[in-house]
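So this block is work.txt, compact mmCIF, C-alpha atoms:
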```
# COMPACT_ATOMS: atom_id res chain seq x y z
CA MET A 1364 -85.13 -34.87 20.99
CA THR A 1365 -85.48 -32.83 24.14
CA SER A 1366 -87.56 -29.85 25.08
CA PRO A 1367 -86.32 -26.32 24.48
CA THR A 1368 -83.91 -24.97 27.03
CA TYR A 1369 -85.64 -21.57 27.10
CA PRO A 1370 -89.16 -20.84 28.43
CA VAL A 1371 -91.42 -21.28 25.40
CA TRP A 1372 -93.58 -18.43 26.72
CA GLU A 1373 -90.63 -16.14 25.90
CA GLY A 1374 -89.03 -17.74 22.85
CA ASP A 1375 -85.28 -17.75 22.43
CA GLY A 1376 -84.94 -14.09 21.53
CA GLY A 1377 -84.05 -15.06 17.98
CA ALA A 1378 -85.71 -17.25 15.40
CA VAL A 1379 -88.10 -18.90 17.84
CA ALA A 1380 -90.97 -16.60 18.75
CA PRO A 1381 -92.84 -16.68 22.05
CA ALA A 1382 -95.58 -19.27 22.13
CA ARG A 1383 -97.99 -20.89 24.51
CA PRO A 1384 -96.59 -24.09 26.02
CA THR A 1385 -97.90 -27.24 24.43
CA VAL A 1386 -97.58 -30.89 25.27
CA GLU A 1387 -94.88 -31.15 22.61
CA SER A 1388 -92.79 -28.43 24.23
CA MET A 1389 -92.87 -30.37 27.48
CA GLY A 1390 -91.64 -33.66 26.09
CA GLY A 1391 -94.65 -34.89 24.16
CA ARG A 1392 -97.01 -37.79 24.87
CA LEU A 1393 -94.91 -40.76 23.79
CA PHE A 1394 -93.38 -41.53 27.16
CA LEU A 1395 -93.18 -45.22 28.07
CA GLN A 1396 -92.51 -47.02 31.31
CA GLY A 1397 -89.11 -48.59 31.78
CA ILE A 1398 -89.42 -52.16 30.55
CA GLU A 1399 -87.10 -53.80 33.04
CA PHE A 1400 -88.12 -51.76 36.08
CA PRO A 1401 -91.53 -50.24 35.51
CA PRO A 1402 -92.98 -48.18 38.37
CA HIS A 1403 -95.15 -50.43 40.51
CA ASP A 1404 -96.32 -47.96 43.07
CA ARG A 1405 -97.12 -44.30 43.42
CA ARG A 1406 -93.67 -43.40 44.65
CA ARG A 1407 -92.36 -43.39 41.13
CA LEU A 1408 -93.62 -41.34 38.25
CA HIS A 1409 -95.68 -43.25 35.73
CA ALA A 1410 -95.54 -42.32 32.09
CA SER A 1411 -99.32 -41.96 31.90
CA SER A 1412 -99.38 -39.73 34.98
CA TRP A 1413 -96.77 -37.52 33.46
CA SER A 1414 -98.63 -37.29 30.18
CA GLN A 1415 -101.83 -36.41 32.02
CA SER A 1416 -100.11 -33.64 33.90
CA VAL A 1417 -98.68 -32.02 30.81
CA ILE A 1418 -102.02 -32.23 29.05
CA SER A 1419 -103.62 -30.46 31.99
CA LEU A 1420 -100.91 -27.87 31.96
CA GLU A 1421 -101.36 -27.25 28.28
CA ARG A 1422 -105.08 -26.63 28.82
CA LEU A 1423 -104.36 -24.37 31.77
CA CYS A 1424 -102.04 -22.29 29.66
CA ARG A 1425 -104.77 -21.95 27.06
CA MET A 1426 -107.00 -20.10 29.53
CA LEU A 1427 -104.51 -17.64 30.89
CA PRO A 1428 -103.85 -14.05 29.93
CA VAL A 1429 -100.23 -13.52 28.92
CA ALA A 1430 -100.14 -10.19 30.73
CA SER A 1431 -102.22 -8.30 33.21
CA ILE A 1432 -101.51 -4.58 33.56
CA ASP A 1433 -102.97 -2.17 36.12
CA PHE A 1434 -102.79 1.44 34.97
CA GLN A 1435 -103.91 4.69 36.55
CA CYS A 1436 -105.41 7.56 34.61
CA SER A 1437 -104.55 11.21 34.79
CA SER A 1438 -106.83 14.19 34.41
CA LEU A 1439 -104.35 15.75 31.99
CA ALA A 1440 -103.14 14.64 28.60
CA GLY A 1441 -99.62 13.33 28.78
CA GLY A 1442 -100.20 11.56 32.09
CA GLY A 1443 -100.99 8.02 33.15
CA LEU A 1444 -99.11 5.58 35.34
CA ILE A 1445 -98.37 1.87 35.18
CA LEU A 1446 -99.10 0.47 38.65
CA ASN A 1447 -98.65 -3.30 38.46
CA VAL A 1448 -97.70 -5.86 35.85
CA SER A 1449 -98.02 -9.62 35.96
CA SER A 1450 -96.87 -11.59 32.94
CA VAL A 1451 -95.73 -14.99 31.69
CA ALA A 1452 -92.66 -13.25 30.24
CA ASP A 1453 -89.95 -12.26 32.69
CA GLY A 1454 -89.04 -9.31 30.49
CA VAL A 1455 -92.46 -7.69 30.80
CA THR A 1456 -92.54 -5.85 34.10
CA ALA A 1457 -93.63 -2.53 35.54
CA THR A 1458 -90.31 -1.08 34.35
CA THR A 1459 -90.55 -2.28 30.74
CA VAL A 1460 -94.24 -1.45 30.24
CA SER A 1461 -95.02 2.21 29.59
CA ILE A 1462 -98.08 4.38 29.11
CA ALA A 1463 -98.70 7.51 27.09
CA SER A 1464 -101.63 9.82 26.40
CA PRO A 1465 -100.20 12.47 24.13
CA VAL A 1466 -103.46 13.82 22.75
CA TYR A 1467 -106.41 13.31 25.10
CA ALA A 1468 -106.46 12.56 28.81
CA TYR A 1469 -109.00 9.76 28.25
CA LEU A 1470 -107.06 8.01 25.49
CA TYR A 1471 -104.11 5.91 26.60
CA THR A 1472 -101.64 3.78 24.75
CA ILE A 1473 -99.86 1.10 26.72
CA TYR A 1474 -96.55 -0.18 25.34
CA TRP A 1475 -94.69 -3.39 26.09
CA PRO A 1476 -91.49 -4.86 24.61
CA ASP A 1477 -92.15 -5.76 20.99
CA GLY A 1478 -92.06 -9.49 20.41
CA ALA A 1479 -92.63 -10.34 24.06
CA PHE A 1480 -95.80 -12.30 23.35
CA GLN A 1481 -97.21 -14.64 20.78
CA SER A 1482 -99.83 -13.46 18.34
CA MET A 1483 -102.70 -11.78 20.18
CA ASP A 1484 -105.62 -12.52 17.89
CA LEU A 1485 -107.95 -12.99 20.84
CA TYR A 1486 -109.54 -9.75 22.08
CA PRO A 1487 -107.94 -8.03 25.05
CA ARG A 1488 -110.09 -7.09 28.01
CA VAL A 1489 -110.21 -3.90 30.04
CA SER A 1490 -111.93 -3.84 33.38
CA ASN A 1491 -112.30 -1.43 36.25
CA ALA A 1492 -109.77 -1.84 39.03
CA SER A 1493 -110.49 1.41 40.87
CA GLU A 1494 -110.77 1.36 44.64
CA ALA A 1495 -113.31 4.02 45.44
CA VAL A 1496 -114.82 5.31 42.21
CA LEU A 1497 -116.82 3.82 39.39
CA PRO A 1498 -115.93 4.96 35.90
CA PHE A 1499 -118.37 3.96 33.19
CA GLY A 1500 -115.75 1.73 31.69
CA ALA A 1501 -113.13 1.50 29.03
CA HIS A 1502 -112.64 -0.22 25.72
CA VAL A 1503 -109.78 -1.09 23.45
CA VAL A 1504 -109.44 1.13 20.42
CA SER A 1505 -106.60 -0.72 18.72
CA ILE A 1506 -103.95 -3.30 19.41
CA ALA A 1507 -100.62 -4.18 17.84
CA SER A 1508 -97.73 -6.46 18.74
CA ASP A 1509 -96.25 -3.91 21.12
CA ARG A 1510 -99.11 -1.61 22.14
CA CYS A 1511 -102.74 -1.22 22.92
CA ALA A 1512 -104.84 1.97 22.76
CA ILE A 1513 -107.63 2.33 25.31
CA SER A 1514 -110.41 4.89 25.58
CA CYS A 1515 -111.80 5.57 29.06
CA TYR A 1516 -115.16 6.94 30.19
CA ASP A 1517 -116.34 8.60 33.36
CA ASN A 1518 -119.52 7.70 35.23
CA ALA A 1519 -121.56 9.96 32.97
CA GLY A 1520 -120.54 7.88 29.96
CA THR A 1521 -118.37 10.68 28.63
CA GLN A 1522 -114.84 10.21 27.40
CA ASN A 1523 -113.23 11.66 30.46
CA VAL A 1524 -111.10 10.52 33.37
CA ASP A 1525 -109.71 11.57 36.67
CA ALA A 1526 -106.63 10.46 38.56
CA ASN A 1527 -108.64 8.05 40.74
CA TYR A 1528 -109.54 5.82 37.81
CA VAL A 1529 -107.59 2.57 37.64
CA PHE A 1530 -108.15 -0.02 34.94
CA ASN A 1531 -106.76 -3.43 34.25
CA LEU A 1532 -105.74 -4.53 30.78
CA SER A 1533 -105.55 -8.28 30.24
CA LEU A 1534 -103.88 -9.56 27.08
CA TYR A 1535 -104.58 -12.99 25.65
CA GLY A 1536 -102.65 -14.98 23.07
CA VAL A 1537 -103.81 -17.68 20.68
CA MET B 482 -83.42 -30.72 46.28
CA THR B 483 -86.93 -32.03 46.84
CA SER B 484 -90.20 -30.21 46.69
CA PRO B 485 -92.10 -29.21 49.86
CA THR B 486 -94.52 -31.79 51.18
CA TYR B 487 -97.33 -29.26 51.57
CA PRO B 488 -99.03 -27.23 48.81
CA VAL B 489 -96.95 -24.06 48.57
CA TRP B 490 -100.15 -22.19 47.70
CA GLU B 491 -101.25 -22.90 51.28
CA GLY B 492 -98.03 -22.84 53.25
CA ASP B 493 -97.45 -25.23 56.12
CA GLY B 494 -99.45 -23.33 58.73
CA GLY B 495 -96.24 -22.41 60.49
CA ALA B 496 -93.07 -20.75 59.39
CA ASN B 497 -93.80 -21.11 55.67
CA ASP B 498 -96.45 -18.67 54.51
CA PRO B 499 -98.59 -19.24 51.42
CA LYS B 500 -96.64 -18.24 48.32
CA TRP B 501 -96.76 -18.30 44.57
CA PRO B 502 -95.16 -21.54 43.34
CA ASP B 503 -91.85 -21.21 41.53
CA GLU B 504 -89.38 -23.59 39.88
CA GLY B 505 -87.63 -24.15 43.17
CA ASP B 506 -90.82 -25.61 44.62
CA PHE B 507 -91.02 -28.12 41.80
CA GLY B 508 -87.50 -29.39 42.36
CA GLY B 509 -85.38 -26.61 40.91
CA LEU B 510 -83.59 -26.18 37.62
CA GLU B 511 -80.54 -28.32 38.20
CA PHE B 512 -81.83 -31.65 36.97
CA GLU B 513 -79.44 -33.59 34.79
CA ASP B 514 -79.80 -36.60 32.60
CA ASN B 515 -78.13 -39.78 33.74
CA PRO B 516 -74.63 -39.46 32.27
CA ASN B 517 -74.43 -43.21 31.57
CA TYR B 518 -77.92 -43.65 30.20
CA PRO B 519 -79.20 -40.34 28.94
CA PRO B 520 -82.57 -40.31 27.19
CA THR B 521 -82.01 -40.65 23.47
CA ASP B 522 -85.54 -40.36 22.21
CA ARG B 523 -88.88 -38.92 23.17
CA LYS B 524 -90.01 -42.04 24.95
CA ARG B 525 -88.03 -41.07 28.04
CA LEU B 526 -88.31 -37.93 30.06
CA SER B 527 -85.24 -35.72 29.86
CA ALA B 528 -84.05 -33.24 32.44
CA THR B 529 -84.85 -30.34 30.15
CA ASP B 530 -88.34 -31.72 29.55
CA TYR B 531 -89.10 -31.61 33.20
CA MET B 532 -87.48 -28.23 33.76
CA GLN B 533 -89.49 -26.81 30.88
CA VAL B 534 -92.61 -27.99 32.63
CA GLU B 535 -91.44 -26.37 35.83
CA MET B 536 -90.84 -23.03 34.14
CA SER B 537 -94.13 -23.08 32.27
CA LEU B 538 -96.06 -24.06 35.35
CA ALA B 539 -94.44 -21.40 37.52
CA ARG B 540 -95.31 -18.70 35.01
CA ALA B 541 -98.82 -19.99 34.54
CA CYS B 542 -99.36 -19.94 38.29
CA ARG B 543 -98.49 -16.24 38.34
CA MET B 544 -101.44 -15.43 36.13
CA ILE B 545 -104.31 -17.23 37.80
CA PRO B 546 -106.47 -15.61 40.45
CA PRO B 547 -105.91 -17.39 43.77
CA LEU B 548 -109.43 -16.50 44.88
CA MET B 549 -112.80 -15.97 43.23
CA VAL B 550 -115.98 -15.35 45.23
CA ASP B 551 -119.43 -15.26 43.66
CA PHE B 552 -121.96 -13.41 45.78
CA SER B 553 -125.25 -11.54 45.66
CA PRO B 554 -126.32 -8.45 47.61
CA GLY B 555 -129.30 -8.64 49.91
CA TYR B 556 -131.26 -6.44 52.30
CA ALA B 557 -134.87 -5.85 53.22
CA PRO B 558 -137.29 -5.46 51.49
CA PHE B 559 -135.57 -7.64 48.91
CA SER B 560 -135.70 -11.38 49.29
CA PRO B 561 -133.46 -12.86 50.39
CA ASP B 562 -132.81 -9.98 52.75
CA ALA B 563 -129.17 -10.75 53.40
CA PRO B 564 -126.12 -11.07 51.15
CA VAL B 565 -125.21 -14.56 50.04
CA VAL B 566 -121.93 -16.12 49.00
CA HIS B 567 -122.73 -18.58 46.22
CA ASN B 568 -119.36 -20.03 45.35
CA VAL B 569 -115.76 -19.82 46.41
CA GLN B 570 -112.87 -21.03 44.29
CA CYS B 571 -109.51 -20.77 46.00
CA VAL B 572 -106.02 -22.24 45.73
CA ASN B 573 -106.24 -22.88 49.47
CA ASP B 574 -108.61 -25.67 50.49
CA ALA B 575 -109.20 -23.91 53.80
CA LEU B 576 -111.07 -21.00 52.22
CA THR B 577 -114.64 -22.03 51.42
CA THR B 578 -118.16 -20.68 51.60
CA THR B 579 -118.22 -21.60 55.29
CA THR B 580 -114.91 -19.99 56.28
CA LEU B 581 -115.54 -16.69 54.53
CA ALA B 582 -118.05 -14.08 55.72
CA ILE B 583 -120.04 -11.40 53.94
CA ASN B 584 -121.81 -8.54 55.67
CA ARG B 585 -123.66 -5.49 54.51
CA ALA B 586 -122.23 -2.13 55.56
CA ASP B 587 -124.58 0.22 53.70
CA VAL B 588 -126.64 0.38 50.53
CA GLY B 589 -124.69 -1.54 47.92
CA GLU B 590 -121.70 -1.79 50.23
CA TYR B 591 -120.55 -5.19 51.38
CA VAL B 592 -117.58 -6.51 53.28
CA ILE B 593 -116.11 -9.92 52.49
CA SER B 594 -113.73 -11.14 55.16
CA PHE B 595 -111.68 -14.16 56.17
CA ASP B 596 -108.69 -15.03 58.28
CA SER B 597 -105.51 -13.53 56.91
CA GLY B 598 -102.61 -15.74 55.98
CA LEU B 599 -104.60 -18.04 53.69
CA LEU B 600 -103.55 -16.53 50.38
CA PRO B 601 -100.23 -15.80 48.76
CA PRO B 602 -99.52 -12.07 48.50
CA VAL B 603 -102.32 -10.55 46.41
CA THR B 604 -100.55 -7.38 45.39
CA MET B 605 -102.47 -6.64 42.21
CA ARG B 606 -105.74 -4.74 42.31
CA PRO B 607 -108.77 -6.94 43.09
CA ARG B 608 -111.79 -6.66 40.84
CA VAL B 609 -115.53 -7.12 41.10
CA GLU B 610 -117.56 -7.89 38.01
CA GLN B 611 -121.10 -8.86 37.26
CA CYS B 612 -121.58 -12.55 36.66
CA GLY B 613 -124.34 -15.14 36.42
CA VAL B 614 -127.83 -14.71 34.97
CA SER B 615 -129.61 -11.38 35.47
CA SER B 616 -132.39 -9.44 33.74
CA ALA B 617 -130.38 -6.22 33.83
CA LEU B 618 -126.86 -5.09 33.18
CA SER B 619 -125.05 -3.87 36.21
CA LEU B 620 -122.41 -1.26 35.97
CA GLY B 621 -120.36 -3.57 38.13
CA GLY B 622 -118.58 -2.34 41.16
CA TYR B 623 -115.35 -1.46 42.80
CA VAL B 624 -113.40 -3.01 45.61
CA SER B 625 -110.54 -2.26 47.95
CA GLN B 626 -108.59 -4.60 50.16
CA THR B 627 -106.89 -4.40 53.54
CA THR B 628 -105.74 -6.59 56.40
CA ILE B 629 -106.43 -5.57 59.98
CA SER B 630 -105.61 -7.58 63.10
CA GLY B 631 -105.37 -10.94 61.41
CA THR B 632 -108.39 -10.56 59.15
CA THR B 633 -108.41 -9.78 55.44
CA TYR B 634 -111.21 -7.50 54.28
CA PHE B 635 -112.55 -6.74 50.83
CA PHE B 636 -114.80 -3.68 50.77
CA VAL B 637 -117.10 -4.04 47.79
CA THR B 638 -119.56 -1.53 46.37
CA VAL B 639 -121.94 -2.71 43.66
CA PHE B 640 -124.23 -0.86 41.27
CA ASP B 641 -127.34 -1.50 39.25
CA SER B 642 -127.86 -0.57 35.62
CA SER B 643 -128.74 3.02 36.44
CA GLY B 644 -125.55 3.51 38.37
CA ALA B 645 -127.20 3.46 41.78
CA GLU B 646 -125.71 1.37 44.57
CA THR B 647 -127.87 -1.69 44.96
CA ASP B 648 -128.92 -4.34 47.47
CA ASP B 649 -130.89 -6.24 44.84
CA PRO B 650 -130.18 -10.00 45.09
CA ALA B 651 -131.16 -10.34 41.43
CA TYR B 652 -127.61 -9.33 40.67
CA SER B 653 -124.64 -11.60 41.16
CA PHE B 654 -121.06 -10.45 41.27
CA ARG B 655 -117.65 -12.04 41.33
CA LEU B 656 -114.77 -10.81 43.48
CA ILE B 657 -111.48 -11.73 41.83
CA CYS B 658 -108.07 -11.41 43.48
CA PHE B 659 -104.71 -11.48 41.80
CA GLY B 660 -101.11 -11.52 42.84
CA GLU B 661 -97.96 -10.36 41.16
```

Written as structure tokens, how would this file's structure read?
Amino acid sequence: MTSPTYPVWEGDGGAVAPARPTVESMGGRLFLQGIEFPPHDRRRLHASSWSQSVISLERLCRMLPVASIDFQCSSLAGGGLILNVSSVADGVTATTVSIASPVYAYLYTIYWPDGAFQSMDLYPRVSNASEAVLPFGAHVVSIASDRCAISCYDNAGTQNVDANYVFNLSLYGV
Amino acid sequence: MTSPTYPVWEGDGGANDPKWPDEGDFGGLEFEDNPNYPPTDRKRLSATDYMQVEMSLARACRMIPPLMVDFSPGYAPFSPDAPVVHNVQCVNDALTTTTLAINRADVGEYVISFDSGLLPPVTMRPRVEQCGVSSALSLGGYVSQTTISGTTYFFVTVFDSSGAETDDPAYSFRLICFGE
């Protein structure tokens, strides 16, 4: 049995959903040295070294956000701009992530390709990424498999924004 | 194809700049099983096993901050009366608390600087957040970044709980950089 041929972060686009990499997806922990020619120095990979590395990688993946999205506010409803996107999924980029604020200028919904990530039961996080201004902050109003609604506040603590406000949304999977 | 002999996070100090690791740095995606003795069970590493690790690792590396700096403000009459860098965590061993400088520019305004060329491209917006133990909640801060004449600068402004820019060393903040 071999590992999947597709990045497990992305799934196979069909029956296999995106998931966080695990030790099992990277070959498991049952590796053994060759019996006849076991590695006898550090020039050859040892089975235990390999297992240790994949365990470490699995734990690393546990701590990471699956996406990090910088977005800029607008002083008018209907505005907003996606600035930067970093993600474990190649299909989630600044061109496939969108933003909308159809009702209020301070209330934004960010959209990403549905099914791009595993279940996001862990809370997302919004933080200030502005360069020269300090909004009061922002919080997540709701989240679904393909979107997240965020309410933003100015430095008076009022639901209000201007075009200089930039926030970062970080999404985390289970 | 073999991997570079230096950490790609750091570059080789010459023609190869620091960069975000990718599958090519881990050996590429053209590994094949031995055609005569392919692995037939999970006790032997297969080519796809290793390439899966490469892909997962490359994507994971995209998401981590290459630099985190914990610091506190400081200016008279507070004590200490100068800003302090408490901790530095960086993908480059060369960037430490002794190779990075912090200076006060004005009330609540601090400049963190170090030689450029030590980090992979940090194209995403940097952040500054309150961290550590404090008796009051800070409103945090904001930060901008630039590189001038071989030095990378982070211009940080930090605030106390009332929203006033602060030099109070009772607060600690973390500068976090990201790439893309």

Pick out the chain B residues within 7 Å of chain A. Count all atoms listed in the file. Give them as a JSON list (two decimals) with C-alpha atoms, in the frame of the given file.
```
[["chain", "number", "residue", "atom", "x", "y", "z"],
["B", 522, "ASP", "CA", -85.54, -40.36, 22.21],
["B", 523, "ARG", "CA", -88.88, -38.92, 23.17],
["B", 524, "LYS", "CA", -90.01, -42.04, 24.95],
["B", 525, "ARG", "CA", -88.03, -41.07, 28.04],
["B", 526, "LEU", "CA", -88.31, -37.93, 30.06],
["B", 527, "SER", "CA", -85.24, -35.72, 29.86],
["B", 529, "THR", "CA", -84.85, -30.34, 30.15],
["B", 530, "ASP", "CA", -88.34, -31.72, 29.55],
["B", 531, "TYR", "CA", -89.10, -31.61, 33.20],
["B", 533, "GLN", "CA", -89.49, -26.81, 30.88],
["B", 534, "VAL", "CA", -92.61, -27.99, 32.63],
["B", 536, "MET", "CA", -90.84, -23.03, 34.14],
["B", 537, "SER", "CA", -94.13, -23.08, 32.27],
["B", 540, "ARG", "CA", -95.31, -18.70, 35.01],
["B", 541, "ALA", "CA", -98.82, -19.99, 34.54],
["B", 544, "MET", "CA", -101.44, -15.43, 36.13],
["B", 545, "ILE", "CA", -104.31, -17.23, 37.80],
["B", 605, "MET", "CA", -102.47, -6.64, 42.21],
["B", 606, "ARG", "CA", -105.74, -4.74, 42.31],
["B", 607, "PRO", "CA", -108.77, -6.94, 43.09],
["B", 608, "ARG", "CA", -111.79, -6.66, 40.84],
["B", 622, "GLY", "CA", -118.58, -2.34, 41.16],
["B", 623, "TYR", "CA", -115.35, -1.46, 42.80],
["B", 624, "VAL", "CA", -113.40, -3.01, 45.61],
["B", 625, "SER", "CA", -110.54, -2.26, 47.95],
["B", 661, "GLU", "CA", -97.96, -10.36, 41.16]]
```

For this session: Considering only C-alpha atoms, return as a PyMOL selection string whatever protein or nucleic-acid residues lie within 7 Å of Arg655 (chain B), sequence-local ones (same chain, fewer than 6 positions apart) excluded.
Result: chain B and resi 549-552+609-612

Problem set entry | Residue contacts of region 1503-1516 of chain A (7 Å, only C-alpha atoms) excluding same-chain residues fewer than 4 positions away, as a list in words |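 Once the nearby chain positions are removed, what remains is Tyr1469, Leu1470, Tyr1471, Thr1472, Ile1473, Tyr1474, Trp1475, Pro1476, Asp1477, Gly1478, Pro1498, Phe1499, Gly1520, Thr1521, Gln1522, Asn1523 and Val1524 of chain A.
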
Need to verify the contact set: Gly613 (chain B), 12 Å, only C-alpha atoms, exclusion of same-chain residues closer than 3 positions in sequence. Can you return it as a CSV table (one decimal) with C-alpha atoms, in the frame of the given file?
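Final file, result-v3.csv:
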```
chain,number,residue,atom,x,y,z
B,551,ASP,CA,-119.4,-15.3,43.7
B,552,PHE,CA,-122.0,-13.4,45.8
B,553,SER,CA,-125.2,-11.5,45.7
B,567,HIS,CA,-122.7,-18.6,46.2
B,568,ASN,CA,-119.4,-20.0,45.4
B,610,GLU,CA,-117.6,-7.9,38.0
B,616,SER,CA,-132.4,-9.4,33.7
B,617,ALA,CA,-130.4,-6.2,33.8
B,618,LEU,CA,-126.9,-5.1,33.2
B,619,SER,CA,-125.0,-3.9,36.2
B,650,PRO,CA,-130.2,-10.0,45.1
B,651,ALA,CA,-131.2,-10.3,41.4
B,652,TYR,CA,-127.6,-9.3,40.7
B,653,SER,CA,-124.6,-11.6,41.2
B,654,PHE,CA,-121.1,-10.4,41.3
B,655,ARG,CA,-117.6,-12.0,41.3
```

Exercise. Between B:Pro561, B:Pro546, B:Thr632, B:Phe640, which one has atoms that come closest to Glu590 (chain B), using all atoms listed in the file?
Worked result: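 Smallest distance to Glu590 (chain B) is found for B:Phe640.
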
For this session: Using CA of Leu538 (chain B) and CA of Thr521 (chain B) as the two end points, give the distance in Å to one decimal.
Result: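 Straight-line distance from CA of Leu538 (chain B) to CA of Thr521 (chain B) works out to 24.8 Å.
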
For this session: Kindly give the distance, in Å, that separates CA of Thr638 (chain B) and CA of Ser1533 (chain A), rounded to a single decimal.
Result: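 Distance between the two atoms: 22.4 Å.
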
Exercise. Distance CA of Lys500 (chain B)-CA of Ala539 (chain B), one decimal place?
Worked result: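 For CA of Lys500 (chain B) relative to CA of Ala539 (chain B), the distance reads 11.5 Å.
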
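Between Ala1468 (chain A) and the candidates A:Val1455, A:Met1483, A:Val1489, A:Gly1442, the tightest atom-to-atom separation, counting only C-alpha atoms, involves A:Gly1442.
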
As lines of an AutoDock Vina configuration file, please report the centre and edge lengths, rounded to one decimal in Å, of the axis-aligned box that holds all listed atoms of region 1373-1390 of chain A with 5 Å of padding on each of the six sides.
```
center_x = -91.0
center_y = -23.9
center_z = 21.4
size_x = 23.9
size_y = 29.6
size_z = 22.1
```

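Near Pro488 (chain B), within 12 Å and counting all atoms listed in the file, sit Ser484, Gly492, Asp493, Gly494, Asn497, Asp498, Pro499, Lys500, Trp501, Pro502, Asp503, Asp506, Phe507, Val572, Asn573, Asp574, Ala575, Leu599, Leu600 and Pro601 of chain B, not including residues fewer than 4 positions from it in the same chain.
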
For this session: Write out as JSON, numbers by chain which residues come within 12 Å of Asp587 (chain B) when counting only C-alpha atoms, dropping same-chain ones fewer than 3 positions away.
Result: {"B": [554, 555, 556, 557, 563, 564, 584, 590, 591, 592, 636, 637, 638, 639, 646, 647, 648]}

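Counting all atoms listed in the file and comparing A:Ala1479, A:Ile1462, A:Pro1401, A:Tyr1535, the residue that lies closest to Ile1445 (chain A) is A:Ile1462.
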
Can you give me all heavy atoms for region 611-616 of chain B, written as a PDB file, keeping the file's coordinate frame?
```pdb
ATOM      1  N   GLN B 611    -119.824  -8.171  37.292  1.00  0.00           N
ATOM      2  CA  GLN B 611    -121.100  -8.860  37.260  1.00  0.00           C
ATOM      3  C   GLN B 611    -120.921 -10.249  36.683  1.00  0.00           C
ATOM      4  O   GLN B 611    -120.133 -10.458  35.770  1.00  0.00           O
ATOM      5  CB  GLN B 611    -122.112  -8.084  36.410  1.00  0.00           C
ATOM      6  CG  GLN B 611    -123.503  -8.685  36.437  1.00  0.00           C
ATOM      7  CD  GLN B 611    -124.486  -7.917  35.576  1.00  0.00           C
ATOM      8  OE1 GLN B 611    -124.104  -7.114  34.739  1.00  0.00           O
ATOM      9  NE2 GLN B 611    -125.772  -8.156  35.804  1.00  0.00           N
ATOM     10  N   CYS B 612    -121.655 -11.205  37.213  1.00  0.00           N
ATOM     11  CA  CYS B 612    -121.580 -12.550  36.660  1.00  0.00           C
ATOM     12  C   CYS B 612    -122.953 -13.201  36.820  1.00  0.00           C
ATOM     13  O   CYS B 612    -123.869 -12.621  37.396  1.00  0.00           O
ATOM     14  CB  CYS B 612    -120.514 -13.375  37.373  1.00  0.00           C
ATOM     15  SG  CYS B 612    -120.911 -13.844  39.059  1.00  0.00           S
ATOM     16  N   GLY B 613    -123.091 -14.410  36.270  1.00  0.00           N
ATOM     17  CA  GLY B 613    -124.340 -15.140  36.420  1.00  0.00           C
ATOM     18  C   GLY B 613    -125.435 -14.610  35.517  1.00  0.00           C
ATOM     19  O   GLY B 613    -125.202 -13.803  34.620  1.00  0.00           O
ATOM     20  N   VAL B 614    -126.665 -15.051  35.780  1.00  0.00           N
ATOM     21  CA  VAL B 614    -127.830 -14.710  34.970  1.00  0.00           C
ATOM     22  C   VAL B 614    -128.596 -13.587  35.647  1.00  0.00           C
ATOM     23  O   VAL B 614    -128.904 -13.674  36.838  1.00  0.00           O
ATOM     24  CB  VAL B 614    -128.739 -15.933  34.779  1.00  0.00           C
ATOM     25  CG1 VAL B 614    -129.982 -15.553  33.985  1.00  0.00           C
ATOM     26  CG2 VAL B 614    -127.980 -17.045  34.079  1.00  0.00           C
ATOM     27  N   SER B 615    -128.882 -12.512  34.907  1.00  0.00           N
ATOM     28  CA  SER B 615    -129.610 -11.380  35.470  1.00  0.00           C
ATOM     29  C   SER B 615    -130.426 -10.736  34.365  1.00  0.00           C
ATOM     30  O   SER B 615    -130.071 -10.834  33.186  1.00  0.00           O
ATOM     31  CB  SER B 615    -128.646 -10.365  36.073  1.00  0.00           C
ATOM     32  OG  SER B 615    -129.348  -9.222  36.520  1.00  0.00           O
ATOM     33  N   SER B 616    -131.544 -10.093  34.739  1.00  0.00           N
ATOM     34  CA  SER B 616    -132.390  -9.440  33.740  1.00  0.00           C
ATOM     35  C   SER B 616    -131.905  -8.042  33.401  1.00  0.00           C
ATOM     36  O   SER B 616    -132.460  -7.392  32.524  1.00  0.00           O
ATOM     37  CB  SER B 616    -133.834  -9.362  34.254  1.00  0.00           C
ATOM     38  OG  SER B 616    -133.868  -8.614  35.446  1.00  0.00           O
TER      39      SER B 616
END
```
